[in-house]
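Data block below; observations after.
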Amino acid sequence: MFFSFALNPVASWLENNRIPRGLSIIFSIALITILVIGVVYLFSKQMAGLLKDFPEITSALNSRLEQYQDYLNREFGLGIEYAQALENVGSMVNPEKFTGFVLTTGKTLAFIGIVPLYIFLLMYYKDFFNEFLTKLNESKNQNSILEWSKDSSLLIQAYLTGILKVTAVVAVMAGIFFYVIGVKYFILFALFVAVMNLIPYIGVLFSSIVSILYVFLTTDSIMLPFLTMLVLWAIQLLENNIITPVVVGAEVKLNALVVLLAILLGGWIWGVSGMVLFIPMLGILKLQLEKSERHKALAYLLGDKIPVREKRENLWKIVLRKMKGNDPKGN
């Protein structure tokens with residue numbers, strides 16, 4: 001469904017140019033397949049190199065851990081046992097466990113051969129699904145049913161194509177930074193940061209921690225991990241406040257609390273896919289609630305128009321008002 005909605009604009013454009021629907025869909029799937037194969041090739045090549053370097057990374061981790069353990073024991077008398085600390089941390093970066101995770105993921109990806117067939121049928125039967133909705137609601141206004149279907153499709157398409165573009169932009173920015181500071185597997189970490197960015201809040205935090213830890217273990221400068229933290233934070237601010245509003249033509253305007261609840265509920269039901277797809281699904285629900293006079297309050301509850309009524313105007317608002325020249329007292 002994710003790729004069907006994302007590819008529908010391409011297939012529809014080809015169809016409008018007198019290319020049969022079946023061929024339009026096949027051409028669209030071929031384009032995305034070539035792109036996915038290229039990304040997977042780069043990812044797997046970098047991942048193979050990273051796995052080879054695991055002993056060296058583990059050795060660096062052991063050395064740093066022993067160094068800091070000695071410092072803490074000497075300065076604060078904490079009495080930390082190095083062997084126990086090494087066992088706890090080493091269990092998290094055990095290459096055998098990591099390799100097992102990669103192999104399990106590979107087995108799962110082996111089943112993706114049937115995905116293009118699902119995409120083709122979902123896109124080819126789109127008029128069939130519209131007809132089903134009208135027959136299911138024959139007693140209601142048919143125009144409103146079709147309008148809701150069209151609006152929902154446009155909302156999902158705008159969201160999915162938008163976040164794909166945003167993912168590409170974030171990958172390029174992160175890749176350039178990792179390349180400049182000399183990260184060996186800069187493509188791998190750029191893709192990792194960009195893909196995890198699809199999961200709001202949680203994904204960004206996790207990818208940042210992993211990236212900073214890798215830079216910390218593979219460089220001798222303490223400034224580079226700190227710089228990595230600042231740059232990833234700056235990329236996130238840029239993505240949230242400029243890139244996403246500009247690239248995503250029709251935003252799914254949900255407040256942060258609802259987004260977090262959607263991530264938790266989606267992850268519980270559908271895993272990572274649910275974390276991403278429950279957000280536009282809630283956007284569709286909000287769209288439907290807005291059309292009903294009876295349920296507009298519920299749509300407002302999901303929305304992002306959050307009033308903040310402070311007893312006294314805070315300093316930040318005062319500064320912004322004066323910068324805009326809107327000070328009513330003329331101060």
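Chain labels run A, B, ... following the order of the structure tokens; each chain numbers its residues from 1, and ligands are numbered from 1 in the order shown.
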Sorted by chain and rising residue number, list the residues of stretch 214-289 of chain A at most 8 Å from stretch 173-186 of chain A (counting only C-alpha atoms), each with its closest atom pair and distance in Å to one decimal, as a tab-separated table.
residue	atom	partner	partner_atom	distance
A:Val215	CA	A:Val183	CA	7.2
A:Leu224	CA	A:Ile181	CA	7.6
A:Val231	CA	A:Phe177	CA	7.9
A:Leu232	CA	A:Ala174	CA	7.4
A:Ile235	CA	A:Met173	CA	7.5
Discussion item. Report as a count of residues only all protein, DNA and RNA residues lying within 6 Å of A:Ile25, evaluated on only C-alpha atoms, omitting residues in the same chain fewer than 3 positions from it.
Written reply: 3
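For stretch 125-129 of chain A, the list of residues within 12 Å, based on only C-alpha atoms and with local chain neighbours fewer than 2 positions off taken out, reads A:Met1, A:Ser4, A:Phe5, A:Asn8, A:Ala11, A:Ser12, A:Arg21, A:Gly22, A:Ile25, A:Tyr118, A:Ile119, A:Phe120, A:Leu121, A:Leu122, A:Met123, A:Glu131, A:Phe132, A:Leu133, A:Thr134, A:Lys135, A:Leu136, A:Ile145, A:Leu146, A:Ser149, A:Lys150, A:Ser153.
Distances to A:Glu147 were evaluated for A:Leu287, A:Leu237, A:Val40, A:Ile34 using only C-alpha atoms, and the minimum falls at A:Leu287.
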Practice prompt. Name the residues in contact with A:Leu260 at a cut-off of 12 Å, using only C-alpha atoms, excluding same-chain residues fewer than 3 positions from it; report them as a PyMOL selection string.
Written response: chain A and resi 199-203+254-257+263-267+275-276+278-279+282+302
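For stretch 44-54 of chain A, the set of protein, DNA and RNA residues having any atom at most 7 Å away, when counting only C-alpha atoms and skipping those fewer than 3 positions along the same chain, is Val40, Tyr41, Ile57, Thr58, Pro95, Tyr185 and Leu188 of chain A.
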Discussion item. Ranking A:Met281, A:Ala194, A:Met323, A:Ile29 by minimum distance to A:Ile156 and counting only C-alpha atoms, which one comes first?
Written reply: A:Met281
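A straight line drawn from atom CA of A:Leu42 to atom CA of A:Pro280 is 29.4 Å long.
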Practice prompt. Please indicate the distance in Å from atom CA of A:Glu239 to atom CA of A:Val10, rounded to one decimal place.
Written response: 25.0 Å
